[in-house]
Each structure stands twice: as C-alpha cells, then as structure tokens.
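Colleague: File name input.pdb; file contents PDB, C-alpha atoms (C1' of nucleotides); full text below.
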ATOM      1  CA  MET E   1     -41.647  -5.124 -11.946  1.00  0.00           C
ATOM      2  CA  LYS E   2     -38.761  -2.830 -12.691  1.00  0.00           C
ATOM      3  CA  LYS E   3     -38.224   0.238 -10.615  1.00  0.00           C
ATOM      4  CA  ASP E   4     -37.846   3.556 -12.369  1.00  0.00           C
ATOM      5  CA  LEU E   5     -34.146   4.304 -12.365  1.00  0.00           C
ATOM      6  CA  VAL E   6     -32.372   7.561 -13.063  1.00  0.00           C
ATOM      7  CA  GLU E   7     -29.192   7.174 -15.115  1.00  0.00           C
ATOM      8  CA  LEU E   8     -26.450   9.756 -14.841  1.00  0.00           C
ATOM      9  CA  PRO E   9     -23.016   9.797 -16.510  1.00  0.00           C
ATOM     10  CA  THR E  10     -19.916  10.218 -14.377  1.00  0.00           C
ATOM     11  CA  ALA E  11     -16.837  11.358 -16.268  1.00  0.00           C
ATOM     12  CA  THR E  12     -13.493  10.093 -14.989  1.00  0.00           C
ATOM     13  CA  ALA E  13      -9.976   9.965 -16.389  1.00  0.00           C
ATOM     14  CA  ASP E  14     -10.769   6.391 -17.481  1.00  0.00           C
ATOM     15  CA  GLY E  15     -13.981   7.154 -19.319  1.00  0.00           C
ATOM     16  CA  GLU E  16     -17.587   7.882 -18.592  1.00  0.00           C
ATOM     17  CA  PHE E  17     -19.265   5.553 -16.086  1.00  0.00           C
ATOM     18  CA  ILE E  18     -23.057   5.387 -15.952  1.00  0.00           C
ATOM     19  CA  ALA E  19     -24.584   5.449 -12.482  1.00  0.00           C
ATOM     20  CA  ARG E  20     -28.178   4.318 -11.924  1.00  0.00           C
ATOM     21  CA  TYR E  21     -30.168   5.562  -8.972  1.00  0.00           C
ATOM     22  CA  SER E  22     -33.431   4.369  -7.454  1.00  0.00           C
ATOM     23  CA  GLY E  23     -35.322   6.197  -4.758  1.00  0.00           C
ATOM     24  CA  ASN E  24     -33.248   4.303  -2.193  1.00  0.00           C
ATOM     25  CA  GLY E  25     -29.734   4.959  -3.424  1.00  0.00           C
ATOM     26  CA  LEU E  26     -27.197   3.860  -5.997  1.00  0.00           C
ATOM     27  CA  ALA E  27     -28.603   0.772  -7.711  1.00  0.00           C
ATOM     28  CA  GLY E  28     -26.062   0.149 -10.474  1.00  0.00           C
ATOM     29  CA  LEU E  29     -22.899   1.245 -12.229  1.00  0.00           C
ATOM     30  CA  ASP E  30     -21.814   0.567 -15.811  1.00  0.00           C
ATOM     31  CA  PHE E  31     -18.256   0.645 -17.069  1.00  0.00           C
ATOM     32  CA  PRO E  32     -17.302   3.037 -19.893  1.00  0.00           C
ATOM     33  CA  GLY E  33     -17.881   1.437 -23.261  1.00  0.00           C
ATOM     34  CA  ARG E  34     -20.617  -0.870 -22.012  1.00  0.00           C
ATOM     35  CA  GLY E  35     -24.299  -0.489 -22.730  1.00  0.00           C
ATOM     36  CA  ARG E  36     -25.403   3.114 -23.116  1.00  0.00           C
ATOM     37  CA  ALA E  37     -22.026   4.292 -21.962  1.00  0.00           C
ATOM     38  CA  GLU E  38     -20.620   3.699 -25.418  1.00  0.00           C
ATOM     39  CA  LEU E  39     -22.612   6.665 -26.718  1.00  0.00           C
ATOM     40  CA  PRO E  40     -20.752   9.961 -27.110  1.00  0.00           C
ATOM     41  CA  LEU E  41     -20.081  11.905 -23.939  1.00  0.00           C
ATOM     42  CA  GLY E  42     -23.225  13.502 -22.616  1.00  0.00           C
ATOM     43  CA  GLN E  43     -25.617  11.426 -24.664  1.00  0.00           C
ATOM     44  CA  ALA E  44     -25.168   8.254 -22.700  1.00  0.00           C
ATOM     45  CA  ALA E  45     -27.866   8.663 -20.100  1.00  0.00           C
ATOM     46  CA  ARG E  46     -30.108  11.097 -21.878  1.00  0.00           C
ATOM     47  CA  GLN E  47     -32.823   8.528 -22.488  1.00  0.00           C
ATOM     48  CA  ARG E  48     -33.955   8.260 -18.905  1.00  0.00           C
ATOM     49  CA  ARG E  49     -32.530  11.453 -17.487  1.00  0.00           C
ATOM     50  CA  PRO E  50     -35.079  14.160 -16.738  1.00  0.00           C
ATOM     51  CA  ALA E  51     -35.063  16.903 -19.364  1.00  0.00           C
ATOM     52  CA  ALA E  52     -33.385  19.406 -17.099  1.00  0.00           C
ATOM     53  CA  SER E  53     -30.775  18.343 -14.592  1.00  0.00           C
ATOM     54  CA  ASN E  54     -32.322  20.666 -12.030  1.00  0.00           C
ATOM     55  CA  ALA E  55     -35.435  18.448 -12.156  1.00  0.00           C
ATOM     56  CA  LEU E  56     -33.451  15.815 -10.282  1.00  0.00           C
ATOM     57  CA  PRO E  57     -34.294  15.288  -6.631  1.00  0.00           C
ATOM     58  CA  ALA E  58     -31.704  16.971  -4.442  1.00  0.00           C
ATOM     59  CA  LYS E  59     -30.895  13.672  -2.751  1.00  0.00           C
ATOM     60  CA  ILE E  60     -29.948  12.068  -6.070  1.00  0.00           C
ATOM     61  CA  LYS E  61     -27.760  15.032  -6.940  1.00  0.00           C
ATOM     62  CA  GLY E  62     -26.019  14.569  -3.620  1.00  0.00           C
ATOM     63  CA  TRP E  63     -25.593  10.807  -4.170  1.00  0.00           C
ATOM     64  CA  HIS E  64     -24.236  11.479  -7.650  1.00  0.00           C
ATOM     65  CA  ARG E  65     -21.613  13.868  -6.290  1.00  0.00           C
ATOM     66  CA  MET E  66     -20.593  11.249  -3.720  1.00  0.00           C
ATOM     67  CA  THR E  67     -20.469   8.553  -6.405  1.00  0.00           C
ATOM     68  CA  GLY E  68     -18.268  10.682  -8.670  1.00  0.00           C
ATOM     69  CA  ALA E  69     -15.905  11.547  -5.848  1.00  0.00           C
ATOM     70  CA  ALA E  70     -15.719   7.927  -4.687  1.00  0.00           C
ATOM     71  CA  LEU E  71     -15.082   6.676  -8.229  1.00  0.00           C
ATOM     72  CA  LYS E  72     -12.253   9.140  -8.752  1.00  0.00           C
ATOM     73  CA  ARG E  73     -10.630   8.196  -5.458  1.00  0.00           C
ATOM     74  CA  ILE E  74     -10.852   4.471  -6.206  1.00  0.00           C
ATOM     75  CA  LEU E  75      -9.498   4.993  -9.711  1.00  0.00           C
ATOM     76  CA  SER E  76      -6.529   6.793  -8.214  1.00  0.00           C
ATOM     77  CA  GLY E  77      -5.865   3.861  -5.896  1.00  0.00           C
ATOM     78  CA  ARG E  78      -7.326   5.331  -2.710  1.00  0.00           C
ATOM     79  CA  ASP E  79     -10.249   4.473  -0.467  1.00  0.00           C
ATOM     80  CA  PRO E  80     -13.425   6.484  -1.067  1.00  0.00           C
ATOM     81  CA  LYS E  81     -14.104   8.937   1.751  1.00  0.00           C
ATOM     82  CA  ALA E  82     -17.823   8.233   1.610  1.00  0.00           C
ATOM     83  CA  LEU E  83     -20.234   6.188  -0.457  1.00  0.00           C
ATOM     84  CA  PRO E  84     -23.844   7.002  -1.305  1.00  0.00           C
ATOM     85  CA  PRO E  85     -26.478   4.593   0.067  1.00  0.00           C
ATOM     86  CA  LEU E  86     -26.467   1.411  -1.984  1.00  0.00           C
ATOM     87  CA  ASP E  87     -29.756  -0.037  -3.168  1.00  0.00           C
ATOM     88  CA  TRP E  88     -29.431  -3.823  -3.086  1.00  0.00           C
ATOM     89  CA  GLU E  89     -33.163  -4.482  -3.352  1.00  0.00           C
ATOM     90  CA  GLY E  90     -33.791  -7.774  -5.093  1.00  0.00           C
ATOM     91  CA  ALA E  91     -30.460  -9.252  -4.052  1.00  0.00           C
ATOM     92  CA  THR E  92     -30.414 -12.376  -1.913  1.00  0.00           C
ATOM     93  CA  ASP E  93     -29.094 -12.412   1.643  1.00  0.00           C
ATOM     94  CA  PHE E  94     -26.131 -14.436   0.464  1.00  0.00           C
ATOM     95  CA  GLN E  95     -25.225 -11.869  -2.199  1.00  0.00           C
ATOM     96  CA  ARG E  96     -25.519  -9.008   0.281  1.00  0.00           C
ATOM     97  CA  SER E  97     -23.223 -10.843   2.699  1.00  0.00           C
ATOM     98  CA  VAL E  98     -20.621 -11.314  -0.021  1.00  0.00           C
ATOM     99  CA  TRP E  99     -20.833  -7.698  -1.154  1.00  0.00           C
ATOM    100  CA  ARG E 100     -20.557  -6.440   2.447  1.00  0.00           C
ATOM    101  CA  GLN E 101     -17.312  -8.392   2.789  1.00  0.00           C
ATOM    102  CA  MET E 102     -15.999  -6.647  -0.320  1.00  0.00           C
ATOM    103  CA  LEU E 103     -16.851  -3.227   1.116  1.00  0.00           C
ATOM    104  CA  LYS E 104     -14.670  -4.063   4.110  1.00  0.00           C
ATOM    105  CA  LEU E 105     -11.630  -4.418   1.837  1.00  0.00           C
ATOM    106  CA  SER E 106      -9.643  -1.208   1.692  1.00  0.00           C
ATOM    107  CA  ALA E 107      -7.580  -0.142  -1.325  1.00  0.00           C
ATOM    108  CA  GLY E 108      -4.551  -2.346  -1.921  1.00  0.00           C
ATOM    109  CA  LYS E 109      -6.003  -5.273   0.055  1.00  0.00           C
ATOM    110  CA  THR E 110      -7.235  -8.457  -1.594  1.00  0.00           C
ATOM    111  CA  LYS E 111      -9.014 -11.639  -0.546  1.00  0.00           C
ATOM    112  CA  SER E 112      -9.521 -14.933  -2.283  1.00  0.00           C
ATOM    113  CA  TYR E 113     -12.948 -16.327  -3.081  1.00  0.00           C
ATOM    114  CA  GLY E 114     -12.308 -18.944  -0.412  1.00  0.00           C
ATOM    115  CA  GLU E 115     -11.470 -16.322   2.228  1.00  0.00           C
ATOM    116  CA  VAL E 116     -14.663 -14.422   1.456  1.00  0.00           C
ATOM    117  CA  ALA E 117     -16.647 -17.648   1.694  1.00  0.00           C
ATOM    118  CA  ALA E 118     -15.065 -18.372   5.102  1.00  0.00           C
ATOM    119  CA  ALA E 119     -15.738 -14.801   6.272  1.00  0.00           C
ATOM    120  CA  ILE E 120     -19.467 -15.187   5.690  1.00  0.00           C
ATOM    121  CA  GLY E 121     -19.436 -18.464   7.586  1.00  0.00           C
ATOM    122  CA  ASN E 122     -19.660 -20.812   4.626  1.00  0.00           C
ATOM    123  CA  PRO E 123     -16.112 -21.811   3.620  1.00  0.00           C
ATOM    124  CA  LYS E 124     -17.316 -24.331   1.065  1.00  0.00           C
ATOM    125  CA  ALA E 125     -19.392 -21.823  -0.885  1.00  0.00           C
ATOM    126  CA  VAL E 126     -16.457 -20.607  -2.967  1.00  0.00           C
ATOM    127  CA  ARG E 127     -18.195 -21.065  -6.284  1.00  0.00           C
ATOM    128  CA  ALA E 128     -21.281 -19.356  -4.990  1.00  0.00           C
ATOM    129  CA  VAL E 129     -19.100 -16.405  -3.947  1.00  0.00           C
ATOM    130  CA  GLY E 130     -17.885 -16.201  -7.533  1.00  0.00           C
ATOM    131  CA  SER E 131     -21.466 -16.156  -8.749  1.00  0.00           C
ATOM    132  CA  ALA E 132     -22.335 -13.405  -6.260  1.00  0.00           C
ATOM    133  CA  CYS E 133     -19.356 -11.373  -7.461  1.00  0.00           C
ATOM    134  CA  GLY E 134     -20.581 -11.698 -11.027  1.00  0.00           C
ATOM    135  CA  ALA E 135     -24.018 -10.544  -9.953  1.00  0.00           C
ATOM    136  CA  ASN E 136     -22.625  -7.382  -8.335  1.00  0.00           C
ATOM    137  CA  PRO E 137     -24.498  -4.452  -9.951  1.00  0.00           C
ATOM    138  CA  ILE E 138     -22.115  -1.823  -8.582  1.00  0.00           C
ATOM    139  CA  PRO E 139     -18.571  -2.797  -9.624  1.00  0.00           C
ATOM    140  CA  VAL E 140     -15.617  -0.589  -8.564  1.00  0.00           C
ATOM    141  CA  LEU E 141     -17.533   0.951  -5.632  1.00  0.00           C
ATOM    142  CA  VAL E 142     -18.274  -2.558  -4.373  1.00  0.00           C
ATOM    143  CA  PRO E 143     -14.724  -3.735  -5.050  1.00  0.00           C
ATOM    144  CA  CYS E 144     -15.267  -7.157  -6.560  1.00  0.00           C
ATOM    145  CA  HIS E 145     -11.975  -6.576  -8.430  1.00  0.00           C
ATOM    146  CA  ARG E 146     -10.164  -7.094  -5.100  1.00  0.00           C
ATOM    147  CA  ILE E 147     -11.343 -10.702  -4.962  1.00  0.00           C
ATOM    148  CA  LEU E 148      -8.717 -12.979  -6.490  1.00  0.00           C
ATOM    149  CA  ALA E 149      -8.683 -16.702  -7.071  1.00  0.00           C
ATOM    150  CA  ALA E 150      -6.374 -18.902  -5.009  1.00  0.00           C
ATOM    151  CA  ASN E 151      -2.610 -18.433  -5.562  1.00  0.00           C
ATOM    152  CA  LYS E 152      -3.227 -14.766  -6.457  1.00  0.00           C
ATOM    153  CA  LYS E 153      -4.511 -15.692  -9.876  1.00  0.00           C
ATOM    154  CA  ILE E 154      -6.745 -13.053 -11.403  1.00  0.00           C
ATOM    155  CA  GLY E 155      -9.873 -15.195 -11.708  1.00  0.00           C
ATOM    156  CA  GLY E 156     -12.671 -13.480 -13.596  1.00  0.00           C
ATOM    157  CA  PHE E 157     -14.506 -10.185 -13.707  1.00  0.00           C
ATOM    158  CA  GLY E 158     -17.924  -9.228 -15.004  1.00  0.00           C
ATOM    159  CA  GLY E 159     -16.687  -5.909 -16.321  1.00  0.00           C
ATOM    160  CA  GLY E 160     -13.910  -7.612 -18.259  1.00  0.00           C
ATOM    161  CA  LEU E 161     -10.506  -8.819 -17.138  1.00  0.00           C
ATOM    162  CA  GLU E 162      -8.839  -5.708 -18.645  1.00  0.00           C
ATOM    163  CA  TRP E 163     -10.705  -3.548 -16.151  1.00  0.00           C
ATOM    164  CA  LYS E 164      -9.842  -5.861 -13.284  1.00  0.00           C
ATOM    165  CA  ARG E 165      -6.145  -5.715 -14.185  1.00  0.00           C
ATOM    166  CA  LYS E 166      -6.313  -1.933 -14.558  1.00  0.00           C
ATOM    167  CA  LEU E 167      -8.039  -1.417 -11.206  1.00  0.00           C
ATOM    168  CA  LEU E 168      -5.660  -3.749  -9.373  1.00  0.00           C
ATOM    169  CA  ALA E 169      -2.645  -2.064 -10.981  1.00  0.00           C
ATOM    170  CA  LYS E 170      -3.882   1.343  -9.809  1.00  0.00           C
ATOM    171  CA  GLU E 171      -3.984   0.024  -6.245  1.00  0.00           C
ATOM    172  CA  GLY E 172      -0.519  -1.457  -6.526  1.00  0.00           C
ATOM    173  CA  ILE E 173      -1.751  -5.034  -6.238  1.00  0.00           C
ATOM    174  CA  ARG E 174       0.392  -7.721  -7.861  1.00  0.00           C
ATOM    175  CA  PHE E 175      -1.103 -11.009  -8.970  1.00  0.00           C
TER     176      PHE E 175
ATOM    177  C1'  DG O   1     -35.590 -29.789 -10.479  1.00  0.00           C
ATOM    178  C1'  DA O   2     -31.736 -29.425 -13.481  1.00  0.00           C
ATOM    179  C1'  DC O   3     -27.918 -26.986 -14.910  1.00  0.00           C
ATOM    180  C1'  DA O   4     -24.136 -23.680 -14.932  1.00  0.00           C
ATOM    181  C1'  DG O   5     -20.479 -21.056 -12.719  1.00  0.00           C
ATOM    182  C1'  DA O   6     -15.465 -15.254 -11.761  1.00  0.00           C
ATOM    183  C1'  DT O   7     -13.362 -21.974  -7.148  1.00  0.00           C
ATOM    184  C1'  DG O   8     -10.501 -25.054  -4.561  1.00  0.00           C
ATOM    185  C1'  DA O   9      -8.267 -29.185  -3.456  1.00  0.00           C
ATOM    186  C1'  DA O  10      -6.506 -33.622  -4.415  1.00  0.00           C
ATOM    187  C1'  DG O  11      -4.429 -37.050  -7.232  1.00  0.00           C
ATOM    188  C1'  DG O  12      -1.789 -38.632 -11.148  1.00  0.00           C
ATOM    189  C1'  DA O  13       1.635 -38.070 -14.889  1.00  0.00           C
TER     190       DA O  13
ATOM    191  C1'  DT T   1       5.211 -28.676 -11.467  1.00  0.00           C
ATOM    192  C1'  DC T   2       1.173 -28.958 -14.424  1.00  0.00           C
ATOM    193  C1'  DC T   3      -3.135 -30.826 -15.707  1.00  0.00           C
ATOM    194  C1'  DT T   4      -7.421 -33.133 -14.840  1.00  0.00           C
ATOM    195  C1'  DT T   5     -11.140 -34.419 -12.092  1.00  0.00           C
ATOM    196  C1'  DC T   6     -14.361 -34.019  -8.601  1.00  0.00           C
ATOM    197  C1'  DA T   7     -16.708 -31.916  -4.545  1.00  0.00           C
ATOM    198  C1'  DT T   8     -19.373 -28.181  -3.052  1.00  0.00           C
ATOM    199  C1'  DC T   9     -22.902 -24.235  -2.874  1.00  0.00           C
ATOM    200  C1'  DT T  10     -25.803 -20.854  -4.889  1.00  0.00           C
ATOM    201  C1'  DG T  11     -28.499 -18.583  -8.524  1.00  0.00           C
ATOM    202  C1'  DT T  12     -31.206 -18.878 -12.623  1.00  0.00           C
ATOM    203  C1'  DC T  13     -34.375 -20.794 -15.836  1.00  0.00           C
TER     204       DC T  13
END
Show this structure as structure tokens.
Modeller:
Amino acid sequence: MKKDLVELPTATADGEFIARYSGNGLAGLDFPGRGRAELPLGQAARQRRPAASNALPAKIKGWHRMTGAALKRILSGRDPKALPPLDWEGATDFQRSVWRQMLKLSAGKTKSYGEVAAAIGNPKAVRAVGSACGANPIPVLVPCHRILAANKKIGGFGGGLEWKRKLLAKEGIRF
DNA sequence: GACAGATGAAGGA
DNA sequence: TCCTTCATCTGTC
C-alpha cells in the first residue's frame, strides 16, 4: 500500500527539485528534469499538491523550508545546517545503515563503496552498498554522490553521472 | 530460488 | 599498466 505523499517543488539555481513528504518527514527527492519535474515551473507538483498551499500542514511547510535551505547549501558546496526528518519507512536495515554512513560525510569528503561497507561492519558487501546507494530515495540530501568507486573513479549515480560530477565539482572534489 | 548490480581484488598479457 | 575474471553480499522478482 502506498502512503499518500505531498509533492512540493523546490527551486534552486540548478533547477526545480521535487520533494515528497509523508506524515513522518521527507520521503523522496527528484532531480530537475526527471519525472514530474520536467513540467514547467510551478506545474510540476500540482497533481498531488493541495489546492491552496495554506492547506498544507504546518509541519510540512516547516520541513519544506528546511529542505530548500539544505538543498541550496549543498548545491553551493556547504554542509546543510539542518535537515528535515527523513522518512525511510520500507527501507531495509542494511539500506538505512548505508544511508546513515552517507549522512556522516560532510561536504568535500568522500568514501569508497568499500569503506562504507567496512564502516557498517560488512567489508565484503561492497556491491550491496552500491545497490543501497541506487535505492536512495533522497539523493543530494543523503549524499550518495560522495561515494566513489575505488581509485577515486566516479562509479555510478542513480540521478545520472552528470549530476554526480556537478555535485562533486561544487564541493571541490577531484576524481 | 535465481538473477542482477553504482564493486573490489587478483592474475595474466 | 590495462583488461578480464571471479568472489562476495544484498535486493528484487
């Protein structure tokens, strides 16, 4: 059963991201140009958004402000001051462990898939870490772009390698 | 239960 | 060096 999610656009200098909120927090984030986000500005999230923005619960408004601020800070190569609560319902324990490791990485820092696997106590699960990264519903805020393959190779990225390169470049990371 | 995957390491040319 | 192959672990169907 799918939870009812509220989708809200977040305009940044790099395009309009689409944030999805459940009753528990931020449940997803789409890159500009993907899914509904490719619609013209302002129309992207209209389908599920309540008719009037003031119909939104105050808590979601607050989360959305935090999400926008965090996104803008990350996109300018800095650490977010604060993140809204993240709703990882449905994720496995393994995925949550991997994502928590990513949240520990500050701007400009990177880890390899192998290092993340070792950090969660399972150094051989490098491929599984890659799968967990790909399953990350909240890219950018959960910085899966800071996970590189061995030898500082770029590896892959669910949002597209162009975005990964762009995000890493903003943080001054060479690979 | 089988298969695929955003890896890593080892061995050979 | 570079390329290929295989081991390993997890998620999905």
Colleague: Using all atoms listed in the file, what table do you get, as a Markdown table, when you list each residue of range 48-137 of chain E with an atom no more than 10 Å from range 1-9 of chain T, its nearest pair of atoms, and their distance in Å rounded to one decimal, rows by chain then rising number?
Modeller:
| residue | atom | partner | partner_atom | distance |
| --- | --- | --- | --- | --- |
| E:Asn122 | CA | T:DC9 | C1' | 8.9 |
| E:Pro123 | CA | T:DC9 | C1' | 9.7 |
| E:Lys124 | CA | T:DT8 | C1' | 6.0 |
| E:Ala125 | CA | T:DC9 | C1' | 4.7 |
| E:Val126 | CA | T:DC9 | C1' | 7.4 |
| E:Arg127 | CA | T:DC9 | C1' | 6.6 |
| E:Ala128 | CA | T:DC9 | C1' | 5.6 |
| E:Val129 | CA | T:DC9 | C1' | 8.8 |
Colleague: Given the choices E:Val140, E:Leu167, E:Ile173, E:Ala11, which gets closest to Lys111 in chain E if the distance is worked out from all atoms listed in the file?
Modeller: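 Answer, going by the shortest atom-to-atom distance: E:Ile173.
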Colleague: Within 12 Å of (-32.3, -17.2, -12.2) in the file's own coordinates, which protein, DNA or RNA residues have an atom, counting all atoms listed in the file? List them as a list in words.
Modeller: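 Looking at atoms near the point gives Gly90, Ala91, Thr92, Ser131 and Ala135 of chain E; DC3 and DA4 of chain O; DT10, DG11, DT12 and DC13 of chain T.
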Colleague: Residues of chain O were defined as contacting chain E if any atom lay at most 8 Å from it, counting only C-alpha atoms (C1' of nucleotides); please report them as a list in words.
Modeller: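 Putting it all together, I get DG5, DA6, DT7 and DG8 of chain O.
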Colleague: CA of Pro139 in chain E to C1' of DA2 in chain O: how many Å, to one decimal?
Modeller: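 Interatomic distance, CA of Pro139 in chain E to C1' of DA2 in chain O: 30.0 Å.
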Colleague: Chain T, all listed atoms, 5 Å padding on each side: what axis-aligned box centre and edge lengths in Å to one decimal come out, as AutoDock Vina command-line options?
Modeller:
--center_x -14.6 --center_y -26.5 --center_z -9.4 --size_x 49.6 --size_y 25.8 --size_z 23.0
Colleague: Work out how far apart CA of Asp79 in chain E and CA of Ile138 in chain E are and give it in Å to one decimal.
Modeller: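 These atoms are spaced 15.7 Å apart.
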